[in-house]
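As provided, coords_6.pdb (PDB, N, CA and C atoms) reads as follows.
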```pdb
ATOM      1  N   MET E   1      43.932  65.532 -39.962
ATOM      2  CA  MET E   1      43.863  64.893 -38.675
ATOM      3  C   MET E   1      45.030  63.929 -38.484
ATOM      4  N   HIS E   2      45.319  63.102 -39.482
ATOM      5  CA  HIS E   2      46.373  62.101 -39.357
ATOM      6  C   HIS E   2      47.716  62.748 -39.035
ATOM      7  N   SER E   3      48.075  63.788 -39.759
ATOM      8  CA  SER E   3      49.375  64.425 -39.526
ATOM      9  C   SER E   3      49.433  65.065 -38.142
ATOM     10  N   GLN E   4      48.307  65.570 -37.656
ATOM     11  CA  GLN E   4      48.267  66.161 -36.323
ATOM     12  C   GLN E   4      48.489  65.084 -35.259
ATOM     13  N   MET E   5      47.880  63.920 -35.432
ATOM     14  CA  MET E   5      48.049  62.833 -34.466
ATOM     15  C   MET E   5      49.481  62.300 -34.500
ATOM     16  N   VAL E   6      50.069  62.209 -35.693
ATOM     17  CA  VAL E   6      51.468  61.785 -35.811
ATOM     18  C   VAL E   6      52.359  62.777 -35.072
ATOM     19  N   ALA E   7      52.091  64.058 -35.235
ATOM     20  CA  ALA E   7      52.884  65.083 -34.559
ATOM     21  C   ALA E   7      52.784  64.962 -33.040
ATOM     22  N   VAL E   8      51.591  64.689 -32.532
ATOM     23  CA  VAL E   8      51.405  64.531 -31.084
ATOM     24  C   VAL E   8      52.217  63.340 -30.580
ATOM     25  N   VAL E   9      52.131  62.223 -31.266
ATOM     26  CA  VAL E   9      52.852  61.016 -30.853
ATOM     27  C   VAL E   9      54.357  61.259 -30.896
ATOM     28  N   ARG E  10      54.840  61.890 -31.963
ATOM     29  CA  ARG E  10      56.279  62.145 -32.090
ATOM     30  C   ARG E  10      56.776  63.157 -31.057
ATOM     31  N   GLU E  11      55.918  64.039 -30.642
ATOM     32  CA  GLU E  11      56.295  65.030 -29.635
ATOM     33  C   GLU E  11      56.438  64.395 -28.260
ATOM     34  N   VAL E  12      55.596  63.417 -27.958
ATOM     35  CA  VAL E  12      55.544  62.842 -26.614
ATOM     36  C   VAL E  12      56.473  61.646 -26.456
ATOM     37  N   LEU E  13      56.482  60.756 -27.430
ATOM     38  CA  LEU E  13      57.257  59.521 -27.305
ATOM     39  C   LEU E  13      58.661  59.673 -27.881
ATOM     40  N   PRO E  14      59.606  58.874 -27.379
ATOM     41  CA  PRO E  14      60.932  58.838 -28.000
ATOM     42  C   PRO E  14      60.803  58.396 -29.459
ATOM     43  N   GLU E  15      61.782  58.758 -30.268
ATOM     44  CA  GLU E  15      61.715  58.525 -31.717
ATOM     45  C   GLU E  15      61.441  57.060 -32.070
ATOM     46  N   ARG E  16      62.143  56.144 -31.432
ATOM     47  CA  ARG E  16      61.983  54.715 -31.755
ATOM     48  C   ARG E  16      60.567  54.232 -31.448
ATOM     49  N   GLU E  17      60.081  54.558 -30.257
ATOM     50  CA  GLU E  17      58.750  54.116 -29.854
ATOM     51  C   GLU E  17      57.664  54.753 -30.713
ATOM     52  N   ALA E  18      57.846  56.025 -31.039
ATOM     53  CA  ALA E  18      56.875  56.700 -31.910
ATOM     54  C   ALA E  18      56.813  56.009 -33.271
ATOM     55  N   GLY E  19      57.963  55.680 -33.820
ATOM     56  CA  GLY E  19      58.004  54.996 -35.105
ATOM     57  C   GLY E  19      57.337  53.637 -35.071
ATOM     58  N   LEU E  20      57.584  52.897 -33.997
ATOM     59  CA  LEU E  20      56.951  51.579 -33.858
ATOM     60  C   LEU E  20      55.434  51.706 -33.746
ATOM     61  N   LEU E  21      54.970  52.682 -32.986
ATOM     62  CA  LEU E  21      53.533  52.874 -32.812
ATOM     63  C   LEU E  21      52.876  53.298 -34.118
ATOM     64  N   ILE E  22      53.470  54.266 -34.786
ATOM     65  CA  ILE E  22      52.901  54.778 -36.037
ATOM     66  C   ILE E  22      52.948  53.726 -37.135
ATOM     67  N   GLY E  23      53.960  52.879 -37.101
ATOM     68  CA  GLY E  23      54.087  51.833 -38.110
ATOM     69  C   GLY E  23      53.328  50.556 -37.791
ATOM     70  N   SER E  24      52.673  50.521 -36.634
ATOM     71  CA  SER E  24      51.978  49.298 -36.237
ATOM     72  C   SER E  24      50.707  49.072 -37.052
ATOM     73  N   ARG E  25      50.292  47.852 -37.081
ATOM     74  CA  ARG E  25      49.079  47.478 -37.816
ATOM     75  C   ARG E  25      47.841  48.150 -37.218
ATOM     76  N   GLN E  26      47.872  48.417 -35.932
ATOM     77  CA  GLN E  26      46.734  49.041 -35.253
ATOM     78  C   GLN E  26      46.711  50.561 -35.405
ATOM     79  N   TRP E  27      47.732  51.155 -36.015
ATOM     80  CA  TRP E  27      47.816  52.609 -36.092
ATOM     81  C   TRP E  27      46.560  53.270 -36.652
ATOM     82  N   PRO E  28      45.930  52.767 -37.699
ATOM     83  CA  PRO E  28      44.744  53.465 -38.208
ATOM     84  C   PRO E  28      43.645  53.667 -37.160
ATOM     85  N   LEU E  29      43.559  52.794 -36.181
ATOM     86  CA  LEU E  29      42.555  52.944 -35.124
ATOM     87  C   LEU E  29      42.986  53.951 -34.054
ATOM     88  N   LEU E  30      44.274  54.058 -33.846
ATOM     89  CA  LEU E  30      44.775  54.904 -32.767
ATOM     90  C   LEU E  30      44.540  56.400 -32.970
ATOM     91  N   PRO E  31      44.748  56.962 -34.161
ATOM     92  CA  PRO E  31      44.471  58.399 -34.309
ATOM     93  C   PRO E  31      43.026  58.769 -33.985
ATOM     94  N   ALA E  32      42.099  57.904 -34.350
ATOM     95  CA  ALA E  32      40.691  58.181 -34.034
ATOM     96  C   ALA E  32      40.485  58.200 -32.525
ATOM     97  N   ARG E  33      41.091  57.264 -31.822
ATOM     98  CA  ARG E  33      40.964  57.219 -30.354
ATOM     99  C   ARG E  33      41.676  58.413 -29.712
ATOM    100  N   ILE E  34      42.850  58.760 -30.235
ATOM    101  CA  ILE E  34      43.579  59.917 -29.721
ATOM    102  C   ILE E  34      42.737  61.173 -29.888
ATOM    103  N   GLN E  35      42.095  61.296 -31.029
ATOM    104  CA  GLN E  35      41.257  62.466 -31.276
ATOM    105  C   GLN E  35      40.071  62.497 -30.305
ATOM    106  N   GLN E  36      39.440  61.345 -30.077
ATOM    107  CA  GLN E  36      38.310  61.284 -29.141
ATOM    108  C   GLN E  36      38.731  61.715 -27.738
ATOM    109  N   VAL E  37      39.849  61.182 -27.271
ATOM    110  CA  VAL E  37      40.337  61.527 -25.941
ATOM    111  C   VAL E  37      40.705  63.005 -25.893
ATOM    112  N   GLY E  38      41.351  63.487 -26.936
ATOM    113  CA  GLY E  38      41.737  64.884 -26.981
ATOM    114  C   GLY E  38      40.554  65.826 -26.961
ATOM    115  N   GLU E  39      39.499  65.463 -27.665
ATOM    116  CA  GLU E  39      38.313  66.318 -27.707
ATOM    117  C   GLU E  39      37.555  66.309 -26.383
ATOM    118  N   SER E  40      37.500  65.153 -25.721
ATOM    119  CA  SER E  40      36.733  65.073 -24.482
ATOM    120  C   SER E  40      37.539  65.491 -23.249
ATOM    121  N   ASP E  41      38.826  65.122 -23.230
ATOM    122  CA  ASP E  41      39.622  65.350 -22.021
ATOM    123  C   ASP E  41      40.787  66.319 -22.221
ATOM    124  N   GLY E  42      41.069  66.682 -23.442
ATOM    125  CA  GLY E  42      42.176  67.598 -23.724
ATOM    126  C   GLY E  42      43.428  66.874 -24.161
ATOM    127  N   ILE E  43      44.246  67.586 -24.905
ATOM    128  CA  ILE E  43      45.475  67.004 -25.455
ATOM    129  C   ILE E  43      46.461  66.658 -24.339
ATOM    130  N   HIS E  44      46.377  67.334 -23.202
ATOM    131  CA  HIS E  44      47.248  67.021 -22.065
ATOM    132  C   HIS E  44      47.001  65.591 -21.584
ATOM    133  N   THR E  45      45.754  65.168 -21.583
ATOM    134  CA  THR E  45      45.413  63.799 -21.183
ATOM    135  C   THR E  45      45.989  62.791 -22.166
ATOM    136  N   VAL E  46      45.938  63.120 -23.450
ATOM    137  CA  VAL E  46      46.536  62.245 -24.468
ATOM    138  C   VAL E  46      48.024  62.083 -24.182
ATOM    139  N   ALA E  47      48.700  63.180 -23.897
ATOM    140  CA  ALA E  47      50.128  63.129 -23.600
ATOM    141  C   ALA E  47      50.400  62.263 -22.368
ATOM    142  N   GLN E  48      49.555  62.364 -21.353
ATOM    143  CA  GLN E  48      49.724  61.540 -20.154
ATOM    144  C   GLN E  48      49.607  60.055 -20.490
ATOM    145  N   HIS E  49      48.628  59.698 -21.310
ATOM    146  CA  HIS E  49      48.453  58.293 -21.701
ATOM    147  C   HIS E  49      49.663  57.796 -22.489
ATOM    148  N   LEU E  50      50.147  58.607 -23.411
ATOM    149  CA  LEU E  50      51.308  58.211 -24.207
ATOM    150  C   LEU E  50      52.565  58.111 -23.342
ATOM    151  N   ASN E  51      52.726  59.020 -22.407
ATOM    152  CA  ASN E  51      53.882  58.962 -21.509
ATOM    153  C   ASN E  51      53.880  57.696 -20.671
ATOM    154  N   ARG E  52      52.706  57.229 -20.326
ATOM    155  CA  ARG E  52      52.602  55.996 -19.554
ATOM    156  C   ARG E  52      53.170  54.809 -20.340
ATOM    157  N   LEU E  53      53.080  54.865 -21.653
ATOM    158  CA  LEU E  53      53.645  53.798 -22.474
ATOM    159  C   LEU E  53      55.161  53.699 -22.302
ATOM    160  N   THR E  54      55.813  54.823 -22.093
ATOM    161  CA  THR E  54      57.266  54.805 -21.950
ATOM    162  C   THR E  54      57.711  54.287 -20.594
ATOM    163  N   THR E  55      56.831  54.345 -19.598
ATOM    164  CA  THR E  55      57.209  53.863 -18.276
ATOM    165  C   THR E  55      56.914  52.382 -18.089
ATOM    166  N   ASP E  56      56.052  51.813 -18.926
ATOM    167  CA  ASP E  56      55.731  50.387 -18.842
ATOM    168  C   ASP E  56      56.678  49.634 -19.766
ATOM    169  N   THR E  57      57.664  48.998 -19.183
ATOM    170  CA  THR E  57      58.664  48.294 -19.984
ATOM    171  C   THR E  57      58.430  46.781 -20.007
ATOM    172  N   SER E  58      57.250  46.349 -19.594
ATOM    173  CA  SER E  58      56.972  44.908 -19.547
ATOM    174  C   SER E  58      57.099  44.265 -20.922
ATOM    175  N   TRP E  59      56.835  45.021 -21.976
ATOM    176  CA  TRP E  59      56.937  44.467 -23.330
ATOM    177  C   TRP E  59      58.373  44.102 -23.668
ATOM    178  N   GLN E  60      59.354  44.766 -23.033
ATOM    179  CA  GLN E  60      60.758  44.465 -23.309
ATOM    180  C   GLN E  60      61.154  43.109 -22.747
ATOM    181  N   GLU E  61      60.454  42.669 -21.726
ATOM    182  CA  GLU E  61      60.762  41.395 -21.099
ATOM    183  C   GLU E  61      60.119  40.218 -21.819
ATOM    184  N   ALA E  62      59.153  40.500 -22.682
ATOM    185  CA  ALA E  62      58.458  39.437 -23.407
ATOM    186  C   ALA E  62      59.341  38.951 -24.557
ATOM    187  N   SER E  63      58.968  37.786 -25.089
ATOM    188  CA  SER E  63      59.735  37.262 -26.208
ATOM    189  C   SER E  63      58.805  36.579 -27.194
ATOM    190  N   GLY E  64      59.232  36.525 -28.426
ATOM    191  CA  GLY E  64      58.547  35.790 -29.468
ATOM    192  C   GLY E  64      57.064  36.068 -29.580
ATOM    193  N   ALA E  65      56.264  35.012 -29.432
ATOM    194  CA  ALA E  65      54.817  35.099 -29.615
ATOM    195  C   ALA E  65      54.153  36.015 -28.605
ATOM    196  N   ALA E  66      54.758  36.217 -27.453
ATOM    197  CA  ALA E  66      54.176  37.087 -26.437
ATOM    198  C   ALA E  66      54.150  38.546 -26.903
ATOM    199  N   LEU E  67      55.031  38.901 -27.835
ATOM    200  CA  LEU E  67      55.065  40.271 -28.344
ATOM    201  C   LEU E  67      53.989  40.522 -29.387
ATOM    202  N   VAL E  68      53.475  39.470 -29.978
ATOM    203  CA  VAL E  68      52.452  39.599 -31.020
ATOM    204  C   VAL E  68      51.100  39.425 -30.361
ATOM    205  N   GLY E  69      50.267  40.466 -30.458
ATOM    206  CA  GLY E  69      48.975  40.414 -29.774
ATOM    207  C   GLY E  69      47.940  39.601 -30.441
TER     208      GLY E  69
END
```

As structure tokens, please, write out the structure in this file.
Amino acid sequence: MHSQMVAVVREVLPEREAGLLIGSRQWPLLPARIQQVGESDGIHTVAQHLNRLTTDTSWQEASGAALVG
């Protein structure tokens, strides 16, 4: 399952963003959520959600502590 979720993320997101997401502290929770969404709504919906991450650039405007959730 983990390798399949990594493949989905790497397929949809640019290399840098995929690496940041996969390397994040929250990553262990994300594959489970991706799988849930994929099973209920289809992998196309997962791709749509991930693509939305690339269009929201508000995180680039943040600085310091604002970047740490």

Requested in this report: Using atom N of Leu29 (chain E) and atom N of Ser3 (chain E) as the two end points, give the distance in Å to one decimal.
Outcome: 12.4 Å

Query - Selection near region 14-21 of chain E, 10 Å with only C-alpha atoms, sequence-local residues under 4 positions removed, as a list of chain:residue names - result: E:Val6, E:Ala7, E:Val8, E:Val9, E:Arg10, E:Arg25, E:Gln26, E:Trp27, E:Leu30, E:Leu50, E:Asn51, E:Leu53, E:Thr54

Only N, CA and C atoms, please: the residues just picked out, written as an mmCIF file, in the coordinates of the input.
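Result went into result-v8.cif, see below:
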```
data_model
loop_
_atom_site.group_PDB
_atom_site.id
_atom_site.type_symbol
_atom_site.label_atom_id
_atom_site.label_comp_id
_atom_site.auth_asym_id
_atom_site.auth_seq_id
_atom_site.Cartn_x
_atom_site.Cartn_y
_atom_site.Cartn_z
ATOM 1 N N VAL E 6 50.069 62.209 -35.693
ATOM 2 C CA VAL E 6 51.468 61.785 -35.811
ATOM 3 C C VAL E 6 52.359 62.777 -35.072
ATOM 4 N N ALA E 7 52.091 64.058 -35.235
ATOM 5 C CA ALA E 7 52.884 65.083 -34.559
ATOM 6 C C ALA E 7 52.784 64.962 -33.040
ATOM 7 N N VAL E 8 51.591 64.689 -32.532
ATOM 8 C CA VAL E 8 51.405 64.531 -31.084
ATOM 9 C C VAL E 8 52.217 63.340 -30.580
ATOM 10 N N VAL E 9 52.131 62.223 -31.266
ATOM 11 C CA VAL E 9 52.852 61.016 -30.853
ATOM 12 C C VAL E 9 54.357 61.259 -30.896
ATOM 13 N N ARG E 10 54.840 61.890 -31.963
ATOM 14 C CA ARG E 10 56.279 62.145 -32.090
ATOM 15 C C ARG E 10 56.776 63.157 -31.057
ATOM 16 N N ARG E 25 50.292 47.852 -37.081
ATOM 17 C CA ARG E 25 49.079 47.478 -37.816
ATOM 18 C C ARG E 25 47.841 48.150 -37.218
ATOM 19 N N GLN E 26 47.872 48.417 -35.932
ATOM 20 C CA GLN E 26 46.734 49.041 -35.253
ATOM 21 C C GLN E 26 46.711 50.561 -35.405
ATOM 22 N N TRP E 27 47.732 51.155 -36.015
ATOM 23 C CA TRP E 27 47.816 52.609 -36.092
ATOM 24 C C TRP E 27 46.560 53.270 -36.652
ATOM 25 N N LEU E 30 44.274 54.058 -33.846
ATOM 26 C CA LEU E 30 44.775 54.904 -32.767
ATOM 27 C C LEU E 30 44.540 56.400 -32.970
ATOM 28 N N LEU E 50 50.147 58.607 -23.411
ATOM 29 C CA LEU E 50 51.308 58.211 -24.207
ATOM 30 C C LEU E 50 52.565 58.111 -23.342
ATOM 31 N N ASN E 51 52.726 59.020 -22.407
ATOM 32 C CA ASN E 51 53.882 58.962 -21.509
ATOM 33 C C ASN E 51 53.880 57.696 -20.671
ATOM 34 N N LEU E 53 53.080 54.865 -21.653
ATOM 35 C CA LEU E 53 53.645 53.798 -22.474
ATOM 36 C C LEU E 53 55.161 53.699 -22.302
ATOM 37 N N THR E 54 55.813 54.823 -22.093
ATOM 38 C CA THR E 54 57.266 54.805 -21.950
ATOM 39 C C THR E 54 57.711 54.287 -20.594
#
```

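The space separating atom C of Val46 (chain E) from atom N of Ser24 (chain E) comes to 17.6 Å.
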
Query - Between atom C of Gly23 (chain E) and CA of Glu11 (chain E), distance in Å (one decimal) - result: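 Calculated distance between atom C of Gly23 (chain E) and CA of Glu11 (chain E) is 16.9 Å.
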
Requested in this report: Run DSSP on the backbone of this structure and report the residues of chain E it assigns to alpha helix (DSSP H), as an MDAnalysis selection string.
Outcome: chainID E and resid 2:12 15:22 29:41 43:55 58:61

Query - Result set of the PyMOL selection byres (((chain E and resi 43 and name CA) around 12) and name CA) on the coordinates above, as a PyMOL selection string - result: chain E and resi 4-5+7-9+11-12+33-42+44-50
